[in-house]
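Notes follow the structure.
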Amino acid sequence: MNRLLKSFRYALDGLAHALVTQRNMRIHFAAAFVVVTLCTLIPVTPPEIVAAFFSITLVIVMELVNTAVEHVTDLLTAEWRPQAKVAKDVAAAAVFVSAVNALTVAYLIFYNKLDPIHWRRPETLLRPPFMGIILLGLLCLLVAVGAYAVAKVRRGRQG
């Protein structure tokens, strides 16, 4: 059990490192916070929530992979090499493609729902209450990870 807890801590350390050191990761977390907040305020269907969660997760995972590729590449070579550039560029492209996907999903989910006329229809206000609980849980998770990252920086821990 101790190993399992350590593996979770290592994962949180990696996430916190990316959140603290990578500006784009902070942007992705802020965007995720906005999307999840909108999902709690605007009536969305369960398939739309799933699409939003998958998009958010994909962008964050791709940013983590990009950060790992950049660090490993820098570890392997200090000088400029075309292969290192390709590795970094391809990893950055993966983040870009996932972010474009997330923007497309957000547009498809929210475009019509942000129309003020849409809010006047009473049926748009009805939705299962459990979705709000799930979304609130995700908001809490995002805040907790951010707090973990801030606490880690304040403690001055490295790695």
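Each chain of the structure tokens is named A, B, ... in the order shown, its residues numbered from 1; ligands are numbered from 1 in display order.
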Please identify every residue of range 4-52 of chain A that has at least one atom no farther than 10 Å from an atom of range 67-73 of chain A, counting only C-alpha atoms, and for each give the shortest atom pair and the distance in Å to one decimal, arranged by chain then increasing number, as CSV.
```
residue,atom,partner,partner_atom,distance
A:Gly14,CA,A:Ala68,CA,9.3
A:His17,CA,A:Thr67,CA,9.6
A:Ala18,CA,A:Thr67,CA,7.0
A:Thr21,CA,A:Thr67,CA,9.4
A:Gln22,CA,A:Thr67,CA,7.8
A:Met25,CA,A:Thr67,CA,9.4
```
Restrict the selected residues to C-alpha atoms and save them as a short mmCIF file (atom, residue, chain, number, x, y, z; two decimals), in the first residue's frame.
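Output file part.cif follows:
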```
data_model
loop_
_atom_site.label_atom_id
_atom_site.label_comp_id
_atom_site.auth_asym_id
_atom_site.auth_seq_id
_atom_site.Cartn_x
_atom_site.Cartn_y
_atom_site.Cartn_z
CA GLY A 14 4.67 15.64 -11.83
CA HIS A 17 5.73 20.57 -11.55
CA ALA A 18 4.01 21.05 -14.89
CA THR A 21 6.72 25.59 -14.43
CA GLN A 22 4.65 25.51 -17.63
CA MET A 25 -0.44 24.19 -18.39
#
```
Problem - Spatial neighbours of range 88-92 of chain A, 7 Å, only C-alpha atoms, chain gap at least 3 places, as a PyMOL selection string - result: chain A and resi 66+69-70+84-85+95-96
Handout entry: Given only C-alpha atoms as the counted atoms, nearest of A:Lys113, A:Leu141, A:Ser55, A:Val100 to Cys39 in chain A
Key = A:Lys113
Exercise for the section: Have a look at CA of Thr37 in chain A and CA of Leu142 in chain A and let me know their distance in Å, one decimal. Expected result: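 Here the two named atoms are 11.1 Å from each other.
Using only C-alpha atoms, the smallest distance between any of A:Val153, A:Ala147, A:Leu41, A:Val59 and Ala102 in chain A comes from A:Val59.
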Handout entry: For CA of Ala31 in chain A and CA of Leu15 in chain A, the interatomic separation in Å (one decimal)
Key =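 Distance reported for this atom pair: 16.3 Å.
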Problem - Pairwise distance for CA of Ala149 in chain A and CA of Leu19 in chain A, rounded to one decimal in Å - result: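 Computed distance, CA of Ala149 in chain A to CA of Leu19 in chain A, equals 6.7 Å.
Excluding Val145 in chain A and any residue on its chain fewer than 5 positions from it, the residues at most 12 Å away by only C-alpha atoms are Arg9, Ala11, Leu12, Asp13, Gly14, Leu15, Ala16, His17, Ala18, Leu19, Val20, Arg26, Phe29, Phe33, Leu138, Leu139, Cys140, Val150, Ala151 and Lys152 of chain A.
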Those residues with C-alpha atoms, as a PDB file, in the first residue's frame please?
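Everything below was put into out.pdb:
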```
ATOM      1  CA  ARG A   9       2.494  11.303  -4.773  1.00  0.00           C
ATOM      2  CA  ALA A  11       2.071  11.597 -10.114  1.00  0.00           C
ATOM      3  CA  LEU A  12       0.888  14.640  -8.165  1.00  0.00           C
ATOM      4  CA  ASP A  13       4.476  15.921  -8.040  1.00  0.00           C
ATOM      5  CA  GLY A  14       4.667  15.640 -11.827  1.00  0.00           C
ATOM      6  CA  LEU A  15       1.355  17.418 -12.269  1.00  0.00           C
ATOM      7  CA  ALA A  16       2.372  20.115  -9.789  1.00  0.00           C
ATOM      8  CA  HIS A  17       5.731  20.569 -11.546  1.00  0.00           C
ATOM      9  CA  ALA A  18       4.006  21.049 -14.887  1.00  0.00           C
ATOM     10  CA  LEU A  19       1.449  23.409 -13.372  1.00  0.00           C
ATOM     11  CA  VAL A  20       4.106  25.527 -11.663  1.00  0.00           C
ATOM     12  CA  ARG A  26      -1.740  27.017 -16.234  1.00  0.00           C
ATOM     13  CA  PHE A  29      -6.170  24.555 -16.193  1.00  0.00           C
ATOM     14  CA  PHE A  33     -11.982  25.716 -14.841  1.00  0.00           C
ATOM     15  CA  LEU A 138     -14.247  18.183 -10.823  1.00  0.00           C
ATOM     16  CA  LEU A 139     -14.023  21.844  -9.838  1.00  0.00           C
ATOM     17  CA  CYS A 140     -12.826  20.784  -6.389  1.00  0.00           C
ATOM     18  CA  VAL A 150       1.215  26.234  -4.787  1.00  0.00           C
ATOM     19  CA  ALA A 151       1.952  24.498  -1.468  1.00  0.00           C
ATOM     20  CA  LYS A 152       4.807  22.577  -3.061  1.00  0.00           C
TER      21      LYS A 152
END
```
Problem - alpha helix (DSSP H) positions in range 48-123 of chain A, given as number ranges by chain - result: A: 48-76, 82-110, 116-119
Problem - A:Thr77, A:Phe8, A:Phe110, A:Ala99 ranked by distance to Thr45 in chain A, top pick (using only C-alpha atoms) - result: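 Using only C-alpha atoms, Thr45 in chain A sits closest to A:Phe110.
For Leu58 in chain A, the residues within 12 Å (counting only C-alpha atoms, excluding itself and residues fewer than 5 positions away along the chain) are His28, Ala32, Ala51, Ala52, Phe53, Glu63, Leu64, Val65, Ala94, Val95, Phe96, Val97, Ser98, Ala99, Val100, Asn101, Ala102, Leu103 and Val105 of chain A.
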Limited to N, CA and C atoms, could you put the picked residues into a file as a short mmCIF file (atom, residue, chain, number, x, y, z; two decimals), in the first residue's frame?
```
data_model
loop_
_atom_site.label_atom_id
_atom_site.label_comp_id
_atom_site.auth_asym_id
_atom_site.auth_seq_id
_atom_site.Cartn_x
_atom_site.Cartn_y
_atom_site.Cartn_z
N HIS A 28 -4.21 26.00 -19.65
CA HIS A 28 -5.13 24.87 -19.85
C HIS A 28 -5.99 24.63 -18.61
N ALA A 32 -9.96 24.90 -18.40
CA ALA A 32 -10.75 23.78 -17.86
C ALA A 32 -11.68 24.27 -16.76
N ALA A 51 -17.98 14.70 -23.45
CA ALA A 51 -17.12 15.28 -24.48
C ALA A 51 -16.21 16.35 -23.88
N ALA A 52 -16.76 17.19 -23.00
CA ALA A 52 -15.95 18.23 -22.36
C ALA A 52 -14.85 17.61 -21.50
N PHE A 53 -15.20 16.59 -20.69
CA PHE A 53 -14.21 15.95 -19.82
C PHE A 53 -13.09 15.29 -20.64
N GLU A 63 -0.20 18.08 -22.75
CA GLU A 63 0.74 19.06 -22.19
C GLU A 63 1.75 18.37 -21.26
N LEU A 64 1.29 17.38 -20.50
CA LEU A 64 2.22 16.62 -19.64
C LEU A 64 3.24 15.86 -20.49
N VAL A 65 2.79 15.22 -21.56
CA VAL A 65 3.70 14.50 -22.45
C VAL A 65 4.68 15.47 -23.09
N ALA A 94 1.16 17.93 -30.81
CA ALA A 94 0.14 17.09 -30.16
C ALA A 94 -0.72 17.93 -29.22
N VAL A 95 -0.08 18.85 -28.48
CA VAL A 95 -0.83 19.75 -27.60
C VAL A 95 -1.73 20.65 -28.44
N PHE A 96 -1.19 21.17 -29.51
CA PHE A 96 -1.95 22.08 -30.37
C PHE A 96 -3.19 21.38 -30.95
N VAL A 97 -3.01 20.18 -31.47
CA VAL A 97 -4.14 19.44 -32.05
C VAL A 97 -5.20 19.17 -30.98
N SER A 98 -4.77 18.77 -29.80
CA SER A 98 -5.74 18.50 -28.73
C SER A 98 -6.46 19.77 -28.29
N ALA A 99 -5.74 20.89 -28.29
CA ALA A 99 -6.36 22.17 -27.91
C ALA A 99 -7.38 22.62 -28.95
N VAL A 100 -7.07 22.43 -30.23
CA VAL A 100 -8.03 22.76 -31.29
C VAL A 100 -9.27 21.88 -31.14
N ASN A 101 -9.07 20.61 -30.83
CA ASN A 101 -10.20 19.71 -30.59
C ASN A 101 -11.05 20.23 -29.42
N ALA A 102 -10.40 20.62 -28.34
CA ALA A 102 -11.13 21.12 -27.17
C ALA A 102 -11.92 22.39 -27.49
N LEU A 103 -11.32 23.28 -28.25
CA LEU A 103 -12.03 24.49 -28.65
C LEU A 103 -13.24 24.16 -29.52
N VAL A 105 -14.97 21.33 -29.48
CA VAL A 105 -15.97 20.73 -28.61
C VAL A 105 -16.68 21.81 -27.79
#
```
Fill in the blank from the handout: Closest of A:Ala87, A:Ala93, A:Ile109, A:Val143 to Pro43 in chain A, counting only C-alpha atoms, is A:Ile109
